[in-house]
$ cat input-v5.json   # JSON, C-alpha atoms
[["chain", "number", "residue", "atom", "x", "y", "z"],
["A", 15, "MET", "CA", 69.47, 97.06, 91.53],
["A", 16, "ASN", "CA", 71.30, 96.83, 88.20],
["A", 17, "ILE", "CA", 75.02, 97.09, 87.54],
["A", 18, "GLU", "CA", 74.94, 100.84, 86.98],
["A", 19, "ALA", "CA", 73.03, 101.45, 90.21],
["A", 20, "ALA", "CA", 75.35, 99.13, 92.12],
["A", 21, "LEU", "CA", 78.38, 101.09, 90.97],
["A", 22, "ALA", "CA", 76.71, 104.34, 91.98],
["A", 23, "TYR", "CA", 75.92, 102.87, 95.40],
["A", 24, "GLY", "CA", 79.46, 101.64, 95.89],
["A", 25, "ARG", "CA", 80.92, 104.97, 94.83],
["A", 26, "SER", "CA", 78.68, 106.90, 97.25],
["A", 27, "GLN", "CA", 79.49, 104.59, 100.17],
["A", 28, "LEU", "CA", 83.25, 104.68, 99.57],
["A", 29, "THR", "CA", 83.66, 108.39, 98.84],
["A", 30, "PRO", "CA", 84.24, 109.36, 102.50],
["A", 31, "SER", "CA", 86.96, 106.76, 103.07],
["A", 32, "SER", "CA", 88.67, 106.09, 99.75],
["A", 33, "PRO", "CA", 90.72, 108.36, 97.49],
["A", 34, "THR", "CA", 89.53, 106.26, 94.53],
["A", 35, "PRO", "CA", 85.89, 105.38, 95.29],
["A", 36, "GLN", "CA", 84.86, 104.87, 91.67],
["A", 37, "LEU", "CA", 87.72, 102.47, 90.96],
["A", 38, "ASP", "CA", 87.20, 100.59, 94.22],
["A", 39, "ALA", "CA", 83.46, 100.19, 93.59],
["A", 40, "ARG", "CA", 84.21, 98.81, 90.12],
["A", 41, "LEU", "CA", 86.90, 96.40, 91.29],
["A", 42, "LEU", "CA", 84.62, 94.99, 93.97],
["A", 43, "LEU", "CA", 81.78, 94.42, 91.50],
["A", 44, "GLU", "CA", 84.10, 92.86, 88.92],
["A", 45, "HIS", "CA", 85.33, 90.52, 91.64],
["A", 46, "LEU", "CA", 81.84, 89.59, 92.76],
["A", 47, "LEU", "CA", 80.54, 88.91, 89.25],
["A", 48, "ASP", "CA", 83.87, 87.51, 87.98],
["A", 49, "VAL", "CA", 83.74, 89.72, 84.90],
["A", 50, "PRO", "CA", 86.11, 92.27, 83.27],
["A", 51, "HIS", "CA", 85.55, 96.01, 83.24],
["A", 52, "SER", "CA", 84.24, 95.90, 79.68],
["A", 53, "TYR", "CA", 81.39, 93.63, 80.80],
["A", 54, "LEU", "CA", 80.17, 96.20, 83.32],
["A", 55, "ILE", "CA", 80.09, 98.85, 80.60],
["A", 56, "VAL", "CA", 78.24, 96.76, 78.01],
["A", 57, "HIS", "CA", 75.80, 95.24, 80.50],
["A", 58, "HIS", "CA", 75.23, 98.29, 82.70],
["A", 59, "ASN", "CA", 71.46, 97.64, 82.77],
["A", 60, "GLN", "CA", 71.78, 94.01, 83.86],
["A", 61, "PRO", "CA", 69.97, 93.48, 87.17],
["A", 62, "LEU", "CA", 71.72, 91.87, 90.10],
["A", 63, "THR", "CA", 70.06, 89.05, 91.97],
["A", 64, "ALA", "CA", 69.09, 89.64, 95.59],
["A", 65, "GLU", "CA", 71.99, 87.42, 96.62],
["A", 66, "GLN", "CA", 74.44, 89.39, 94.48],
["A", 67, "THR", "CA", 73.12, 92.69, 95.79],
["A", 68, "ASN", "CA", 73.53, 91.56, 99.40],
["A", 69, "ALA", "CA", 77.03, 90.23, 98.72],
["A", 70, "TYR", "CA", 78.05, 93.49, 97.04],
["A", 71, "HIS", "CA", 76.76, 95.52, 99.99],
["A", 72, "GLN", "CA", 78.91, 93.38, 102.30],
["A", 73, "LEU", "CA", 82.03, 93.91, 100.16],
["A", 74, "VAL", "CA", 81.44, 97.66, 100.04],
["A", 75, "ALA", "CA", 80.92, 97.75, 103.81],
["A", 76, "ARG", "CA", 84.28, 96.05, 104.35],
["A", 77, "ALA", "CA", 86.01, 98.55, 102.08],
["A", 78, "ALA", "CA", 84.24, 101.44, 103.81],
["A", 79, "GLN", "CA", 85.88, 100.28, 107.06],
["A", 80, "ALA", "CA", 89.30, 100.80, 105.44],
["A", 81, "GLU", "CA", 89.97, 97.16, 104.59],
["A", 82, "PRO", "CA", 92.14, 97.43, 101.47],
["A", 83, "VAL", "CA", 90.33, 96.43, 98.29],
["A", 84, "PRO", "CA", 93.27, 94.28, 97.05],
["A", 85, "TYR", "CA", 92.96, 92.14, 100.19],
["A", 86, "ILE", "CA", 89.20, 91.84, 99.72],
["A", 87, "ILE", "CA", 89.47, 90.73, 96.10],
["A", 88, "GLY", "CA", 92.74, 88.83, 96.62],
["A", 89, "HIS", "CA", 94.89, 90.41, 93.93],
["A", 90, "ALA", "CA", 96.69, 93.61, 92.92],
["A", 91, "PRO", "CA", 98.46, 94.88, 89.79],
["A", 92, "PHE", "CA", 102.21, 95.34, 89.44],
["A", 93, "PHE", "CA", 103.39, 96.33, 85.97],
["A", 94, "ASP", "CA", 101.35, 93.99, 83.75],
["A", 95, "PHE", "CA", 101.19, 91.23, 86.36],
["A", 96, "ASP", "CA", 98.16, 90.39, 88.48],
["A", 97, "LEU", "CA", 99.56, 89.30, 91.84],
["A", 98, "HIS", "CA", 97.82, 87.35, 94.55],
["A", 99, "VAL", "CA", 97.97, 89.37, 97.78],
["A", 100, "ALA", "CA", 96.78, 88.72, 101.31],
["A", 101, "PRO", "CA", 97.29, 90.42, 104.69],
["A", 102, "GLY", "CA", 100.64, 88.62, 105.12],
["A", 103, "VAL", "CA", 102.28, 90.76, 102.41],
["A", 104, "LEU", "CA", 102.32, 94.41, 101.40],
["A", 105, "ILE", "CA", 100.13, 95.59, 98.56],
["A", 106, "PRO", "CA", 102.46, 96.55, 95.66],
["A", 107, "ARG", "CA", 102.71, 100.26, 94.93],
["A", 108, "PRO", "CA", 103.74, 102.34, 91.90],
["A", 109, "GLU", "CA", 106.88, 103.60, 93.65],
["A", 110, "THR", "CA", 108.18, 100.05, 93.77],
["A", 111, "GLU", "CA", 107.63, 99.70, 90.03],
["A", 112, "GLN", "CA", 109.90, 102.72, 89.68],
["A", 113, "LEU", "CA", 112.52, 101.02, 91.88],
["A", 114, "VAL", "CA", 112.45, 97.99, 89.57],
["A", 115, "GLU", "CA", 112.72, 100.15, 86.46],
["A", 116, "LEU", "CA", 115.87, 101.83, 87.82],
["A", 117, "ALA", "CA", 117.43, 98.49, 88.75],
["A", 118, "VAL", "CA", 116.60, 96.96, 85.37],
["A", 119, "THR", "CA", 118.04, 99.95, 83.50],
["A", 120, "TRP", "CA", 121.30, 99.54, 85.41],
["A", 121, "ALA", "CA", 121.32, 95.75, 84.99],
["A", 122, "LYS", "CA", 120.85, 95.86, 81.25],
["A", 123, "LYS", "CA", 124.03, 97.89, 80.95],
["A", 124, "ARG", "CA", 125.90, 94.84, 82.21],
["A", 125, "GLY", "CA", 125.20, 93.33, 78.82],
["A", 126, "THR", "CA", 125.32, 89.57, 78.40],
["A", 127, "GLU", "CA", 127.86, 88.67, 81.06],
["A", 128, "ALA", "CA", 127.59, 85.07, 82.20],
["A", 129, "ASN", "CA", 126.09, 83.96, 85.50],
["A", 130, "LEU", "CA", 124.66, 87.30, 86.60],
["A", 131, "LYS", "CA", 122.77, 87.10, 89.90],
["A", 132, "ALA", "CA", 120.19, 89.32, 91.56],
["A", 133, "VAL", "CA", 118.54, 89.12, 94.99],
["A", 134, "ASP", "CA", 115.19, 90.60, 96.02],
["A", 135, "VAL", "CA", 115.41, 91.07, 99.79],
["A", 136, "GLY", "CA", 112.12, 91.05, 101.69],
["A", 137, "THR", "CA", 110.23, 89.78, 98.66],
["A", 138, "GLY", "CA", 106.72, 89.78, 100.17],
["A", 139, "SER", "CA", 104.33, 88.96, 97.33],
["A", 140, "GLY", "CA", 107.30, 88.36, 95.04],
["A", 141, "CYS", "CA", 106.46, 91.40, 92.91],
["A", 142, "ILE", "CA", 110.04, 92.68, 92.56],
["A", 143, "ALA", "CA", 111.55, 89.25, 91.91],
["A", 144, "ILE", "CA", 108.90, 88.38, 89.32],
["A", 145, "ALA", "CA", 109.44, 91.67, 87.51],
["A", 146, "LEU", "CA", 113.23, 91.17, 87.54],
["A", 147, "ALA", "CA", 112.78, 87.67, 86.13],
["A", 148, "HIS", "CA", 110.60, 89.07, 83.37],
["A", 149, "PHE", "CA", 112.82, 92.01, 82.42],
["A", 150, "LEU", "CA", 116.17, 90.24, 82.95],
["A", 151, "PRO", "CA", 115.66, 86.79, 81.39],
["A", 152, "ASP", "CA", 119.37, 85.90, 81.49],
["A", 153, "TRP", "CA", 119.81, 86.63, 85.19],
["A", 154, "THR", "CA", 119.44, 84.21, 88.10],
["A", 155, "ILE", "CA", 116.88, 85.68, 90.51],
["A", 156, "THR", "CA", 116.72, 84.78, 94.19],
["A", 157, "ALA", "CA", 113.92, 86.06, 96.46],
["A", 158, "VAL", "CA", 114.30, 86.00, 100.24],
["A", 159, "ASP", "CA", 111.98, 86.82, 103.13],
["A", 160, "ILE", "CA", 111.97, 86.09, 106.84],
["A", 161, "SER", "CA", 108.22, 85.38, 106.78],
["A", 162, "PRO", "CA", 107.02, 81.88, 105.83],
["A", 163, "THR", "CA", 103.62, 83.37, 105.00],
["A", 164, "ALA", "CA", 105.15, 85.82, 102.56],
["A", 165, "LEU", "CA", 107.29, 83.12, 100.95],
["A", 166, "ALA", "CA", 104.23, 80.93, 100.40],
["A", 167, "ILE", "CA", 102.48, 83.79, 98.60],
["A", 168, "ALA", "CA", 105.62, 84.62, 96.60],
["A", 169, "GLN", "CA", 105.95, 80.98, 95.59],
["A", 170, "GLN", "CA", 102.35, 80.92, 94.41],
["A", 171, "ASN", "CA", 102.83, 84.08, 92.36],
["A", 172, "GLY", "CA", 106.17, 82.95, 91.01],
["A", 173, "ALA", "CA", 104.85, 79.58, 89.88],
["A", 174, "ARG", "CA", 102.14, 81.32, 87.89],
["A", 175, "LEU", "CA", 103.95, 84.40, 86.59],
["A", 176, "ALA", "CA", 107.63, 83.35, 86.40],
["A", 177, "PRO", "CA", 107.63, 79.54, 86.36],
["A", 178, "GLY", "CA", 111.05, 78.04, 87.01],
["A", 179, "ARG", "CA", 112.73, 81.42, 87.29],
["A", 180, "LEU", "CA", 112.80, 82.16, 91.02],
["A", 181, "GLN", "CA", 114.85, 80.67, 93.82],
["A", 182, "LEU", "CA", 113.00, 81.27, 97.09],
["A", 183, "ARG", "CA", 114.71, 81.13, 100.48],
["A", 184, "GLN", "CA", 113.69, 81.94, 104.02],
["A", 185, "SER", "CA", 116.31, 84.34, 105.29],
["A", 186, "ASN", "CA", 116.88, 87.21, 107.66],
["A", 187, "LEU", "CA", 117.94, 89.66, 104.97],
["A", 188, "LEU", "CA", 121.07, 88.24, 103.26],
["A", 189, "GLN", "CA", 122.03, 85.61, 105.83],
["A", 190, "ALA", "CA", 121.06, 82.71, 103.54],
["A", 191, "ILE", "CA", 122.90, 84.19, 100.54],
["A", 192, "GLU", "CA", 126.28, 82.48, 100.44],
["A", 193, "GLN", "CA", 127.60, 83.39, 96.98],
["A", 194, "PRO", "CA", 128.38, 86.97, 95.89],
["A", 195, "VAL", "CA", 125.73, 88.64, 93.71],
["A", 196, "ASP", "CA", 125.65, 91.43, 91.14],
["A", 197, "LEU", "CA", 122.44, 93.18, 92.15],
["A", 198, "ILE", "CA", 120.44, 93.65, 95.34],
["A", 199, "VAL", "CA", 116.97, 95.19, 95.20],
["A", 200, "ALA", "CA", 115.01, 95.76, 98.40],
["A", 201, "ASN", "CA", 111.81, 97.41, 99.56],
["A", 202, "LEU", "CA", 112.36, 96.91, 103.28],
["A", 203, "PRO", "CA", 110.34, 98.39, 106.15],
["A", 204, "TYR", "CA", 111.06, 102.12, 106.41],
["A", 205, "VAL", "CA", 108.15, 103.64, 108.36],
["A", 206, "THR", "CA", 109.48, 105.48, 111.42],
["A", 207, "ARG", "CA", 107.97, 105.10, 114.88],
["A", 208, "GLY", "CA", 106.81, 108.71, 114.68],
["A", 209, "GLU", "CA", 105.03, 108.12, 111.36],
["A", 210, "TRP", "CA", 103.21, 104.98, 112.49],
["A", 211, "GLN", "CA", 100.14, 106.63, 114.01],
["A", 212, "ALA", "CA", 99.77, 108.90, 110.99],
["A", 213, "LEU", "CA", 99.46, 105.97, 108.58],
["A", 214, "ALA", "CA", 96.11, 105.46, 106.88],
["A", 215, "ASP", "CA", 93.92, 102.93, 108.69],
["A", 216, "GLY", "CA", 93.96, 100.63, 105.68],
["A", 217, "VAL", "CA", 97.74, 100.38, 105.99],
["A", 218, "LYS", "CA", 98.12, 100.47, 109.77],
["A", 219, "LEU", "CA", 95.30, 98.05, 110.58],
["A", 220, "TYR", "CA", 95.61, 95.55, 107.74],
["A", 221, "GLU", "CA", 99.06, 95.49, 106.14],
["A", 222, "PRO", "CA", 101.78, 93.54, 108.01],
["A", 223, "ALA", "CA", 103.73, 95.59, 110.56],
["A", 224, "LEU", "CA", 106.69, 93.29, 109.91],
["A", 225, "ALA", "CA", 106.92, 94.78, 106.41],
["A", 226, "LEU", "CA", 106.39, 98.39, 107.52],
["A", 227, "ASP", "CA", 108.05, 99.18, 110.87],
["A", 228, "GLY", "CA", 111.57, 100.41, 110.25],
["A", 229, "GLY", "CA", 112.40, 101.45, 113.80],
["A", 230, "VAL", "CA", 113.00, 104.87, 115.30],
["A", 231, "ASP", "CA", 114.34, 106.51, 112.14],
["A", 232, "GLY", "CA", 113.04, 103.91, 109.68],
["A", 233, "LEU", "CA", 116.43, 102.53, 108.71],
["A", 234, "ASP", "CA", 116.98, 99.66, 111.16],
["A", 235, "LEU", "CA", 116.77, 96.87, 108.58],
["A", 236, "ILE", "CA", 118.28, 98.96, 105.79],
["A", 237, "ARG", "CA", 121.43, 99.46, 107.89],
["A", 238, "GLN", "CA", 121.59, 95.73, 108.62],
["A", 239, "LEU", "CA", 121.21, 94.93, 104.93],
["A", 240, "LEU", "CA", 123.95, 97.35, 103.94],
["A", 241, "GLN", "CA", 126.32, 95.85, 106.51],
["A", 242, "GLN", "CA", 125.59, 92.31, 105.30],
["A", 243, "ALA", "CA", 125.98, 93.38, 101.68],
["A", 244, "THR", "CA", 129.61, 94.37, 102.19],
["A", 245, "THR", "CA", 130.59, 90.69, 102.02],
["A", 246, "ARG", "CA", 128.06, 89.55, 99.42],
["A", 247, "LEU", "CA", 128.70, 91.68, 96.35],
["A", 248, "ARG", "CA", 130.76, 91.03, 93.27],
["A", 249, "PRO", "CA", 132.91, 93.81, 91.80],
["A", 250, "SER", "CA", 130.89, 96.48, 89.99],
["A", 251, "ALA", "CA", 127.66, 95.37, 91.68],
["A", 252, "ALA", "CA", 124.78, 97.65, 92.69],
["A", 253, "ILE", "CA", 122.13, 98.01, 95.39],
["A", 254, "PHE", "CA", 118.74, 99.66, 94.86],
["A", 255, "LEU", "CA", 116.68, 100.54, 97.95],
["A", 256, "GLU", "CA", 113.25, 102.04, 98.44],
["A", 257, "ILE", "CA", 113.15, 104.54, 101.32],
["A", 258, "GLY", "CA", 110.79, 106.97, 103.01],
["A", 259, "TRP", "CA", 110.32, 110.37, 101.45],
["A", 260, "GLN", "CA", 112.19, 112.17, 104.28],
["A", 261, "GLN", "CA", 115.06, 109.69, 104.54],
["A", 262, "GLY", "CA", 117.23, 110.65, 101.58],
["A", 263, "ASN", "CA", 120.07, 112.22, 103.53],
["A", 264, "ILE", "CA", 120.28, 109.71, 106.37],
["A", 265, "ALA", "CA", 119.94, 106.78, 103.97],
["A", 266, "LYS", "CA", 122.78, 108.14, 101.86],
["A", 267, "GLN", "CA", 124.90, 108.59, 104.99],
["A", 268, "ALA", "CA", 124.15, 105.01, 106.06],
["A", 269, "ALA", "CA", 125.27, 103.76, 102.65],
["A", 270, "GLN", "CA", 128.45, 105.84, 102.78],
["A", 271, "VAL", "CA", 129.41, 104.25, 106.12],
["A", 272, "GLN", "CA", 129.47, 100.78, 104.56],
["A", 273, "PHE", "CA", 130.51, 101.72, 101.02],
["A", 274, "PRO", "CA", 132.67, 104.86, 101.25],
["A", 275, "GLN", "CA", 134.05, 104.42, 97.73],
["A", 276, "ALA", "CA", 130.70, 103.74, 96.05],
["A", 277, "GLU", "CA", 128.70, 106.06, 93.84],
["A", 278, "ILE", "CA", 125.57, 106.78, 95.90],
["A", 279, "THR", "CA", 122.56, 108.62, 94.47],
["A", 280, "VAL", "CA", 119.20, 109.50, 96.01],
["A", 281, "LEU", "CA", 116.46, 109.51, 93.38],
["A", 282, "PRO", "CA", 112.90, 110.91, 93.44],
["A", 283, "ASP", "CA", 109.57, 109.16, 92.93],
["A", 284, "PHE", "CA", 106.78, 110.33, 90.62],
["A", 285, "ALA", "CA", 105.77, 112.98, 93.17],
["A", 286, "GLY", "CA", 109.29, 114.40, 93.35],
["A", 287, "HIS", "CA", 110.01, 113.02, 96.84],
["A", 288, "ASP", "CA", 113.21, 111.17, 97.76],
["A", 289, "ARG", "CA", 112.29, 107.50, 97.34],
["A", 290, "MET", "CA", 115.17, 105.39, 95.99],
["A", 291, "VAL", "CA", 118.83, 105.00, 96.82],
["A", 292, "LYS", "CA", 121.16, 103.72, 94.12],
["A", 293, "ILE", "CA", 124.52, 102.38, 95.29],
["A", 294, "VAL", "CA", 127.02, 101.39, 92.59],
["A", 295, "ILE", "CA", 130.13, 99.65, 93.85],
["A", 296, "LYS", "CA", 133.31, 100.76, 92.10]]
$ encode --input "input-v5.json" --output "structure tokens"
Amino acid sequence: MNIEAALAYGRSQLTPSSPTPQLDARLLLEHLLDVPHSYLIVHHNQPLTAEQTNAYHQLVARAAQAEPVPYIIGHAPFFDFDLHVAPGVLIPRPETEQLVELAVTWAKKRGTEANLKAVDVGTGSGCIAIALAHFLPDWTITAVDISPTALAIAQQNGARLAPGRLQLRQSNLLQAIEQPVDLIVANLPYVTRGEWQALADGVKLYEPALALDGGVDGLDLIRQLLQQATTRLRPSAAIFLEIGWQQGNIAKQAAQVQFPQAEITVLPDFAGHDRMVKIVIK
């Protein structure tokens, strides 16, 4: 079996279970051979050894059983960063990139004020905090998570991708944040109990429930965060939250309870679904 045939095999085996079988087959082979995509193109006739062929079949079989490819290969993209991921943290998604872009656009309007502080709540892999550190070089970035496993992964990613820029703390939401901040960004669990069984197997069976289960209506932790935030924000601060696509109205109502004078906006994702809540404190 050569590289071209291996990719065809992987694609055929993954087509029933994956929405992106061609990409997944390629990522698995790149991981196995430790080569970039361009190598597979140039060397498409290169034969695989029997050992490599067997190993590739095993990787494909794992992916065919819904094990997420990022967990198999140990990394996932977020903006231009290549993040280490493992089953203790969520796999970063494009919607969260959009959340960061909105927060950064708002933050840059603050100009060059001194001592600006942002907190990424529920940091997981550290993807949001690392992106904030990259796009907001003058800000102090703190990343918090209740999970020691997640913090260890975030620390590893931060040391490689944003060295010296992140303050990491174990915290139940904002409990460990003692000083007021200017910006809170959070992708907290928001899957409802009713949605749980409908999740794809790759999510439900492999990604951490701690980072997904948002309670009956999906807003348990979001409400707690909003309540805590009332005492931890500077004047003219902002909160950016990722939410479920059917939660726009109830999330806005939850924000209005804690911040009745704030400017609260529900914003869509790339598919046009409600996905982000922007709360600007007046």
$ residues_around --input "input-v5.json" --residues "A:Pro108" --least-positions-apart "4" --cutoff "12 Å" --atoms "all atoms listed in the file" --output "list of chain:residue names"
A:Ala90, A:Pro91, A:Phe92, A:Phe93, A:Asp94, A:Gln112, A:Leu113, A:Val114, A:Glu115, A:Cys141, A:Ile142, A:Glu256, A:Asp283, A:Phe284, A:Ala285, A:Arg289
$ residues_around --input "input-v5.json" --residues "A:Ala252" --least-positions-apart "2" --cutoff "8 Å" --atoms "only C-alpha atoms" --output "PyMOL selection string"
chain A and resi 196-198+250+254+292-295
$ residues_near_point --input "input-v5.json" --point "(93.1, 94.5, 101.2)" --cutoff "12 Å" --atoms "all atoms listed in the file" --output "PyMOL selection string"
chain A and resi 38+41-42+73+76-90+98-106+215-222
$ closest_atom_pairs --input "input-v5.json" --of "stretch 179-242 of chain A" --to "stretch 257-279 of chain A" --cutoff "12 Å" --atoms "all atoms listed in the file" --output "CSV"
residue,atom,partner,partner_atom,distance
A:Val199,CA,A:Ile257,CA,11.8
A:Ala200,CA,A:Ile257,CA,9.4
A:Asn201,CA,A:Ile257,CA,7.5
A:Leu202,CA,A:Ile257,CA,7.9
A:Pro203,CA,A:Ile257,CA,8.3
A:Tyr204,CA,A:Gly258,CA,5.9
A:Val205,CA,A:Gly258,CA,6.8
A:Thr206,CA,A:Gly258,CA,8.6
A:Glu209,CA,A:Gly258,CA,10.2
A:Leu226,CA,A:Gly258,CA,10.6
A:Asp227,CA,A:Gly258,CA,11.4
A:Gly228,CA,A:Gly258,CA,9.8
A:Val230,CA,A:Gln261,CA,12.0
A:Asp231,CA,A:Gln261,CA,8.3
A:Gly232,CA,A:Gly258,CA,7.7
A:Leu233,CA,A:Ala265,CA,7.3
A:Asp234,CA,A:Ala268,CA,10.3
A:Leu235,CA,A:Ile257,CA,11.2
A:Ile236,CA,A:Ala265,CA,8.2
A:Arg237,CA,A:Ala268,CA,6.4
A:Gln238,CA,A:Ala268,CA,10.0
A:Leu239,CA,A:Ala269,CA,10.0
A:Leu240,CA,A:Gln272,CA,6.5
A:Gln241,CA,A:Gln272,CA,6.2
A:Gln242,CA,A:Gln272,CA,9.3
$ write_last_selection --input "input-v5.json" --atoms "C-alpha atoms" --output "short mmCIF file (atom, residue, chain, number, x, y, z; two decimals), keeping the file's coordinate frame"
data_model
loop_
_atom_site.label_atom_id
_atom_site.label_comp_id
_atom_site.auth_asym_id
_atom_site.auth_seq_id
_atom_site.Cartn_x
_atom_site.Cartn_y
_atom_site.Cartn_z
CA VAL A 199 116.97 95.19 95.20
CA ALA A 200 115.01 95.76 98.40
CA ASN A 201 111.81 97.41 99.56
CA LEU A 202 112.36 96.91 103.28
CA PRO A 203 110.34 98.39 106.15
CA TYR A 204 111.06 102.12 106.41
CA VAL A 205 108.15 103.64 108.36
CA THR A 206 109.48 105.48 111.42
CA GLU A 209 105.03 108.12 111.36
CA LEU A 226 106.39 98.39 107.52
CA ASP A 227 108.05 99.18 110.87
CA GLY A 228 111.57 100.41 110.25
CA VAL A 230 113.00 104.87 115.30
CA ASP A 231 114.34 106.51 112.14
CA GLY A 232 113.04 103.91 109.68
CA LEU A 233 116.43 102.53 108.71
CA ASP A 234 116.98 99.66 111.16
CA LEU A 235 116.77 96.87 108.58
CA ILE A 236 118.28 98.96 105.79
CA ARG A 237 121.43 99.46 107.89
CA GLN A 238 121.59 95.73 108.62
CA LEU A 239 121.21 94.93 104.93
CA LEU A 240 123.95 97.35 103.94
CA GLN A 241 126.32 95.85 106.51
CA GLN A 242 125.59 92.31 105.30
#
$ residues_near_point --input "input-v5.json" --point "(83.0, 101.5, 84.1)" --cutoff "9 Å" --atoms "only C-alpha atoms" --output "short mmCIF file (atom, residue, chain, number, x, y, z; two decimals) with C-alpha atoms, keeping the file's coordinate frame"
data_model
loop_
_atom_site.label_atom_id
_atom_site.label_comp_id
_atom_site.auth_asym_id
_atom_site.auth_seq_id
_atom_site.Cartn_x
_atom_site.Cartn_y
_atom_site.Cartn_z
CA GLU A 18 74.94 100.84 86.98
CA LEU A 21 78.38 101.09 90.97
CA GLN A 36 84.86 104.87 91.67
CA LEU A 37 87.72 102.47 90.96
CA ARG A 40 84.21 98.81 90.12
CA HIS A 51 85.55 96.01 83.24
CA SER A 52 84.24 95.90 79.68
CA TYR A 53 81.39 93.63 80.80
CA LEU A 54 80.17 96.20 83.32
CA ILE A 55 80.09 98.85 80.60
CA HIS A 58 75.23 98.29 82.70
#
$ closest_residue --input "input-v5.json" --among "A:Pro33, A:Pro151, A:Gly140, A:Gly229" --to "A:Ala168" --atoms "all atoms listed in the file"
A:Gly140
